[in-house]
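Okay, input-v5.cif is below, mmCIF, C-alpha atoms:
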```
data_my_file
loop_
_atom_site.group_PDB
_atom_site.id
_atom_site.type_symbol
_atom_site.label_atom_id
_atom_site.label_comp_id
_atom_site.auth_asym_id
_atom_site.auth_seq_id
_atom_site.Cartn_x
_atom_site.Cartn_y
_atom_site.Cartn_z
ATOM 1 C CA MET A 1488 131.032 107.557 133.698
ATOM 2 C CA ARG A 1489 129.587 110.230 131.416
ATOM 3 C CA ARG A 1490 125.969 111.194 131.801
ATOM 4 C CA PRO A 1491 123.950 113.810 129.908
ATOM 5 C CA PRO A 1492 123.047 116.951 131.847
ATOM 6 C CA PRO A 1493 119.479 117.361 133.123
ATOM 7 C CA PRO A 1494 117.063 119.379 130.976
ATOM 8 C CA ALA A 1495 117.979 123.072 131.037
ATOM 9 C CA ASP A 1496 114.500 124.123 132.176
ATOM 10 C CA LEU A 1497 114.654 122.122 135.406
ATOM 11 C CA ILE A 1498 115.918 123.518 138.711
ATOM 12 C CA TYR A 1499 116.507 121.711 141.979
ATOM 13 C CA VAL A 1500 114.432 122.229 145.109
ATOM 14 C CA GLN A 1501 116.413 121.227 148.176
ATOM 15 C CA PRO A 1502 114.992 118.721 150.653
ATOM 16 C CA PRO A 1503 113.996 120.253 153.996
ATOM 17 C CA ALA A 1504 116.704 120.663 156.611
ATOM 18 C CA ARG A 1505 116.854 117.932 159.267
ATOM 19 C CA ASP A 1506 117.094 118.855 162.958
ATOM 20 C CA ASP A 1507 115.996 115.498 164.380
ATOM 21 C CA ILE A 1508 119.366 113.693 164.251
ATOM 22 C CA PRO A 1509 120.894 113.097 167.712
ATOM 23 C CA GLY A 1510 124.006 115.201 168.236
ATOM 24 C CA VAL A 1511 123.615 117.069 164.927
ATOM 25 C CA ALA A 1512 122.367 120.645 165.067
ATOM 26 C CA GLU A 1513 121.166 120.554 161.478
ATOM 27 C CA ALA A 1514 121.714 118.500 158.328
ATOM 28 C CA ARG A 1515 121.127 119.516 154.727
ATOM 29 C CA ALA A 1516 121.393 117.851 151.326
ATOM 30 C CA ALA A 1517 121.710 119.130 147.789
ATOM 31 C CA VAL A 1518 118.839 117.100 146.307
ATOM 32 C CA SER A 1519 116.129 114.568 147.078
ATOM 33 C CA TYR A 1520 117.359 111.000 146.568
ATOM 34 C CA ARG A 1521 114.031 109.650 145.305
ATOM 35 C CA GLN A 1522 113.074 112.483 142.993
ATOM 36 C CA ASP A 1523 116.259 113.875 141.436
ATOM 37 C CA LYS A 1524 117.145 110.772 139.463
ATOM 38 C CA TRP A 1525 119.820 112.326 137.261
ATOM 39 C CA PHE A 1526 121.798 113.619 140.235
ATOM 40 C CA VAL A 1527 121.355 110.379 142.163
ATOM 41 C CA LYS A 1528 122.743 108.364 139.243
ATOM 42 C CA MET A 1529 125.950 110.287 139.753
ATOM 43 C CA ILE A 1530 125.965 109.437 143.464
ATOM 44 C CA THR A 1531 125.314 105.728 142.895
ATOM 45 C CA GLY A 1532 127.980 105.834 140.192
ATOM 46 C CA LEU A 1533 130.406 107.410 142.639
ATOM 47 C CA LYS A 1534 129.782 104.654 145.185
ATOM 48 C CA ALA A 1535 130.284 101.863 142.614
ATOM 49 C CA GLU A 1536 132.855 103.322 140.187
ATOM 50 C CA PRO A 1537 135.958 101.080 139.930
ATOM 51 C CA ASP A 1538 138.149 103.828 138.421
ATOM 52 C CA PRO A 1539 139.224 106.399 141.063
ATOM 53 C CA ALA A 1540 139.828 109.027 138.361
ATOM 54 C CA VAL A 1541 136.245 108.733 137.108
ATOM 55 C CA ALA A 1542 134.980 108.733 140.707
ATOM 56 C CA TRP A 1543 136.854 111.965 141.348
ATOM 57 C CA GLY A 1544 135.173 113.549 138.315
ATOM 58 C CA LEU A 1545 131.746 112.594 139.660
ATOM 59 C CA ALA A 1546 132.645 113.858 143.126
ATOM 60 C CA ARG A 1547 133.599 117.247 141.730
ATOM 61 C CA LYS A 1548 130.186 117.636 140.061
ATOM 62 C CA ILE A 1549 128.257 116.517 143.140
ATOM 63 C CA GLY A 1550 130.483 118.519 145.473
ATOM 64 C CA ALA A 1551 129.797 121.702 143.525
ATOM 65 C CA ASP A 1552 126.088 121.481 144.372
ATOM 66 C CA MET A 1553 126.840 120.599 147.979
ATOM 67 C CA ALA A 1554 129.091 123.642 148.302
ATOM 68 C CA GLU A 1555 126.236 125.865 147.130
ATOM 69 C CA VAL A 1556 124.064 124.463 149.921
ATOM 70 C CA TYR A 1557 126.736 125.327 152.469
ATOM 71 C CA GLU A 1558 127.130 128.853 151.133
ATOM 72 C CA ASP A 1559 123.420 129.429 151.807
ATOM 73 C CA VAL A 1560 123.929 128.724 155.527
ATOM 74 C CA ARG A 1561 127.588 129.692 155.967
ATOM 75 C CA MET A 1562 126.888 132.644 158.267
ATOM 76 C CA THR A 1563 124.623 130.518 160.467
ATOM 77 C CA TRP A 1564 126.718 127.360 160.667
ATOM 78 C CA LEU A 1565 130.146 129.060 160.860
ATOM 79 C CA CYS A 1566 132.005 125.734 160.692
ATOM 80 C CA ASP A 1567 135.711 125.549 161.515
ATOM 81 C CA PHE A 1568 136.590 122.518 159.404
ATOM 82 C CA ILE A 1569 135.267 119.488 157.516
ATOM 83 C CA LEU A 1570 135.362 115.782 158.366
ATOM 84 C CA PRO A 1571 134.271 113.146 155.840
ATOM 85 C CA VAL A 1572 132.386 110.108 157.116
ATOM 86 C CA PRO A 1573 135.126 107.442 157.110
ATOM 87 C CA SER A 1574 135.014 104.036 155.408
ATOM 88 C CA ASP A 1575 136.139 100.896 157.169
ATOM 89 C CA ALA A 1576 139.400 99.347 156.008
ATOM 90 C CA GLN A 1577 137.785 96.526 154.030
ATOM 91 C CA ARG A 1578 135.521 98.770 151.940
ATOM 92 C CA LEU A 1579 138.313 101.245 151.411
ATOM 93 C CA ALA A 1580 140.494 98.446 150.070
ATOM 94 C CA GLU A 1581 137.700 97.189 147.810
ATOM 95 C CA ARG A 1582 136.993 100.599 146.258
ATOM 96 C CA GLY A 1583 140.395 102.179 146.482
ATOM 97 C CA TYR A 1584 138.817 105.419 147.719
ATOM 98 C CA ASN A 1585 136.222 106.749 150.151
ATOM 99 C CA PRO A 1586 133.280 108.436 148.316
ATOM 100 C CA ALA A 1587 132.536 110.721 151.262
ATOM 101 C CA GLU A 1588 136.155 111.871 151.355
ATOM 102 C CA LEU A 1589 136.152 112.734 147.654
ATOM 103 C CA LEU A 1590 133.003 114.796 148.155
ATOM 104 C CA ALA A 1591 134.459 116.468 151.238
ATOM 105 C CA LEU A 1592 137.646 117.388 149.374
ATOM 106 C CA GLU A 1593 135.659 119.127 146.641
ATOM 107 C CA VAL A 1594 133.390 120.901 149.118
ATOM 108 C CA ALA A 1595 136.430 122.029 151.115
ATOM 109 C CA ARG A 1596 138.109 123.358 147.980
ATOM 110 C CA ARG A 1597 135.059 125.387 147.015
ATOM 111 C CA ILE A 1598 134.091 126.811 150.399
ATOM 112 C CA ARG A 1599 137.702 127.227 151.557
ATOM 113 C CA LEU A 1600 137.531 125.316 154.822
ATOM 114 C CA PRO A 1601 140.247 123.006 156.204
ATOM 115 C CA ILE A 1602 139.604 119.277 155.933
ATOM 116 C CA TYR A 1603 140.996 116.554 158.218
ATOM 117 C CA PRO A 1604 140.248 113.155 156.623
ATOM 118 C CA ALA A 1605 142.221 111.218 159.247
ATOM 119 C CA ALA A 1606 140.707 112.893 162.323
ATOM 120 C CA LEU A 1607 137.670 110.602 162.373
ATOM 121 C CA ILE A 1608 138.063 106.887 161.728
ATOM 122 C CA LYS A 1609 135.789 103.893 161.490
ATOM 123 C CA ALA A 1610 136.982 101.713 164.326
ATOM 124 C CA LYS A 1611 134.968 98.608 163.455
ATOM 125 C CA GLN A 1612 133.411 97.012 160.401
ATOM 126 C CA THR A 1613 129.615 97.216 160.310
ATOM 127 C CA ASP A 1614 126.843 95.497 158.392
ATOM 128 C CA HIS A 1615 125.462 97.152 155.268
ATOM 129 C CA GLN A 1616 122.772 99.672 156.201
ATOM 130 C CA ARG A 1617 120.512 99.358 153.157
ATOM 131 C CA GLY A 1618 116.946 98.400 154.070
ATOM 132 C CA GLN A 1619 117.429 98.786 157.823
ATOM 133 C CA ASP A 1620 115.295 101.054 159.975
ATOM 134 C CA ARG A 1621 116.735 103.830 162.118
ATOM 135 C CA THR A 1622 116.828 101.825 165.348
ATOM 136 C CA THR A 1623 118.695 98.950 163.701
ATOM 137 C CA ARG A 1624 121.113 101.326 162.005
ATOM 138 C CA LEU A 1625 121.877 103.118 165.261
ATOM 139 C CA ALA A 1626 122.551 99.815 167.004
ATOM 140 C CA ASN A 1627 124.731 98.653 164.099
ATOM 141 C CA LEU A 1628 126.806 101.853 164.252
ATOM 142 C CA ASP A 1629 127.102 102.089 168.041
ATOM 143 C CA GLY A 1630 130.762 102.763 168.795
ATOM 144 C CA ALA A 1631 131.715 102.411 165.122
ATOM 145 C CA PHE A 1632 133.556 105.752 164.879
ATOM 146 C CA ARG A 1633 136.409 107.266 166.857
ATOM 147 C CA ALA A 1634 137.831 110.789 166.813
ATOM 148 C CA LEU A 1635 141.613 111.160 166.898
ATOM 149 C CA MET A 1636 142.079 114.858 167.623
ATOM 150 C CA ASN A 1637 140.983 117.381 170.224
ATOM 151 C CA MET A 1638 137.986 119.331 168.903
ATOM 152 C CA LYS A 1639 136.935 121.078 172.078
ATOM 153 C CA GLY A 1640 134.453 123.820 171.316
ATOM 154 C CA ARG A 1641 134.873 123.553 167.534
ATOM 155 C CA ARG A 1642 132.069 123.717 164.960
ATOM 156 C CA VAL A 1643 132.405 120.709 162.670
ATOM 157 C CA LEU A 1644 130.896 119.937 159.275
ATOM 158 C CA ILE A 1645 130.470 116.212 158.538
ATOM 159 C CA VAL A 1646 130.178 115.295 154.851
ATOM 160 C CA ASP A 1647 128.594 112.106 153.467
ATOM 161 C CA ASP A 1648 127.041 110.972 150.191
ATOM 162 C CA VAL A 1649 123.445 110.125 151.198
ATOM 163 C CA LEU A 1650 121.288 110.975 154.219
ATOM 164 C CA THR A 1651 118.624 108.389 155.012
ATOM 165 C CA THR A 1652 117.710 107.854 158.673
ATOM 166 C CA GLY A 1653 120.555 110.006 159.990
ATOM 167 C CA ALA A 1654 122.089 107.110 161.929
ATOM 168 C CA THR A 1655 125.543 107.529 160.388
ATOM 169 C CA LEU A 1656 125.700 111.247 161.160
ATOM 170 C CA ALA A 1657 124.444 110.541 164.699
ATOM 171 C CA ALA A 1658 127.161 107.930 165.262
ATOM 172 C CA CYS A 1659 129.833 110.321 163.994
ATOM 173 C CA ALA A 1660 128.483 113.082 166.226
ATOM 174 C CA ALA A 1661 128.630 110.761 169.247
ATOM 175 C CA ALA A 1662 132.311 110.102 168.596
ATOM 176 C CA LEU A 1663 132.994 113.829 168.228
ATOM 177 C CA GLN A 1664 131.221 114.621 171.491
ATOM 178 C CA ASN A 1665 133.748 112.381 173.226
ATOM 179 C CA VAL A 1666 136.502 114.838 172.240
ATOM 180 C CA GLY A 1667 134.573 117.942 173.237
ATOM 181 C CA VAL A 1668 133.228 119.138 169.894
ATOM 182 C CA GLY A 1669 131.032 122.214 170.170
ATOM 183 C CA VAL A 1670 128.491 121.861 167.346
ATOM 184 C CA VAL A 1671 128.077 119.308 164.537
ATOM 185 C CA TYR A 1672 126.423 119.974 161.178
ATOM 186 C CA GLY A 1673 125.816 117.516 158.350
ATOM 187 C CA LEU A 1674 125.998 118.002 154.589
ATOM 188 C CA THR A 1675 125.224 115.290 152.021
ATOM 189 C CA GLY A 1676 124.766 114.976 148.292
ATOM 190 C CA ALA A 1677 121.242 113.592 148.538
ATOM 191 C CA ALA A 1678 118.595 112.913 151.174
ATOM 192 C CA VAL A 1679 115.779 110.401 151.151
ATOM 193 C CA GLY A 1680 112.466 112.245 151.132
ATOM 194 C CA GLY A 1681 111.475 115.841 150.475
ATOM 195 C CA GLY A 1682 112.308 118.198 147.647
ATOM 196 C CA ARG A 1683 111.557 117.838 143.964
ATOM 197 C CA ARG A 1684 112.623 119.192 140.617
ATOM 198 C CA ARG A 1685 110.342 121.687 138.952
ATOM 199 C CA ARG A 1686 110.354 123.471 135.633
ATOM 200 C CA LYS A 1687 111.451 127.088 135.456
ATOM 201 C CA GLY A 1688 108.858 129.771 134.935
#
```

Take the structure in the file and write it out as structure tokens.
Amino acid sequence: MRRPPPPADLIYVQPPARDDIPGVAEARAAVSYRQDKWFVKMITGLKAEPDPAVAWGLARKIGADMAEVYEDVRMTWLCDFILPVPSDAQRLAERGYNPAELLALEVARRIRLPIYPAALIKAKQTDHQRGQDRTTRLANLDGAFRALMNMKGRRVLIVDDVLTTGATLAACAAALQNVGVGVVYGLTGAAVGGGRRRRKG
């Protein structure tokens, strides 16, 4: 999927950091989902793209912006490694890839952190989250994830495509707390609410 670049005189303003997600010290996103339409078209394309090669190309572009966000907070977060939010087996089979994992691979490559895609799994299939409020999402995701390695005292970066209510990151963090994780941070391509694009100068 080829898309024209945004106008050269526009720059991104990041959405505000989130510190209200249970189990997550802080979460950040590259752009605002509702206001940075060009960037979001890439994310929606990544989630729906039937060709894994094209999806990987989109993930590399999105991941580049996400890596810049991490570099801004690297010395505060001090993460040890990256975990992508896992897909359940059915959706993985339908797509042929996990969008969050593609993003995490590109972020890991750019910020030079280890990535363990198999260390966190989705243990049960869940309903689609679109249109649900935070309480419903949290209930839907209760017990959905399971960690498969000892992470006692480690500082973990969870990567996903879009941050809405924070329920997915909270569910992942709950699973990580069961294996002794020290601190969890979240990084996504886009977040619902906050931030805007403005013209330079």

For this structure, which residues satisfy the selection - the PyMOL selection byres ((chain A and resi 1641) around 12) - when it is evaluated on the file as given? I want them as number ranges by chain. A: 1564-1569, 1636-1640, 1642-1644, 1663-1664, 1666-1672

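Distances to Glu1558 of chain A were evaluated for A:Ala1677, A:Ala1517, A:Ala1610, A:Ala1662 using all atoms listed in the file, and the minimum falls at A:Ala1517.
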
Write out, as a Markdown table, each residue of segment 1561-1609 of chain A that has an atom at most 7 Å from segment 1534-1555 of chain A, together with the closest pair of atoms and their distance in Å to one decimal, counting only C-alpha atoms, rows going by chain and rising number.
```
| residue | atom | partner | partner_atom | distance |
| --- | --- | --- | --- | --- |
| A:Arg1582 | CA | A:Pro1537 | CA | 6.4 |
| A:Gly1583 | CA | A:Pro1539 | CA | 7.0 |
| A:Tyr1584 | CA | A:Pro1539 | CA | 6.7 |
| A:Pro1586 | CA | A:Lys1534 | CA | 6.0 |
| A:Leu1589 | CA | A:Ala1546 | CA | 5.8 |
| A:Leu1590 | CA | A:Ala1546 | CA | 5.1 |
| A:Glu1593 | CA | A:Gly1550 | CA | 5.3 |
| A:Val1594 | CA | A:Ala1554 | CA | 5.2 |
| A:Arg1597 | CA | A:Ala1554 | CA | 6.3 |
| A:Ile1598 | CA | A:Ala1554 | CA | 6.3 |
```

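The shortest atom-to-atom distance to Gln1501 of chain A, with all atoms listed in the file taken into account, belongs to A:Ala1514 out of A:Ile1530, A:Ala1654, A:Ile1602, A:Ala1514.
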
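Considering the residues A:Ala1595, A:Val1556, A:Ala1678, A:Ala1631 and counting only C-alpha atoms, Ala1660 of chain A has its shortest atom-to-atom contact with A:Ala1631.
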
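Going from atom CA of Ile1608 of chain A to atom CA of Pro1573 of chain A covers 5.5 Å.
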
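Ranking A:Leu1592, A:Lys1609, A:Ala1580, A:Leu1570 by their shortest atom-to-atom distance to Gly1673 of chain A, with all atoms listed in the file included, puts A:Leu1570 first.
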
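Between atom CA of Cys1659 of chain A and atom CA of Leu1607 of chain A the interatomic distance comes to 8.0 Å.
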
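Rounded to one decimal, atom CA of Trp1525 of chain A and atom CA of Pro1503 of chain A lie 19.4 Å from each other.
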
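Comparing the minimum interatomic distances between Thr1675 of chain A and each of A:Ser1519, A:Asn1585, A:Thr1563, A:Ser1574, counting all atoms listed in the file, we find that A:Ser1519 sits nearest.
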
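Minimum distance to Glu1588 of chain A across A:Ala1576, A:Ala1605, A:Thr1655, A:Phe1526 (counting only C-alpha atoms) occurs at A:Ala1605.
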
At a cut-off of 9 Å, using only C-alpha atoms, what residues contact Ile1508 of chain A? Leave out same-chain residues fewer than 5 positions from it and give the result as a PDB file with C-alpha atoms, keeping the file's coordinate frame.
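Okay, around_9.pdb is ready:
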```pdb
ATOM      1  CA  GLU A1513     121.166 120.554 161.478  1.00  0.00           C
ATOM      2  CA  ALA A1514     121.714 118.500 158.328  1.00  0.00           C
ATOM      3  CA  THR A1652     117.710 107.854 158.673  1.00  0.00           C
ATOM      4  CA  GLY A1653     120.555 110.006 159.990  1.00  0.00           C
ATOM      5  CA  ALA A1654     122.089 107.110 161.929  1.00  0.00           C
ATOM      6  CA  LEU A1656     125.700 111.247 161.160  1.00  0.00           C
ATOM      7  CA  ALA A1657     124.444 110.541 164.699  1.00  0.00           C
TER       8      ALA A1657
END
```
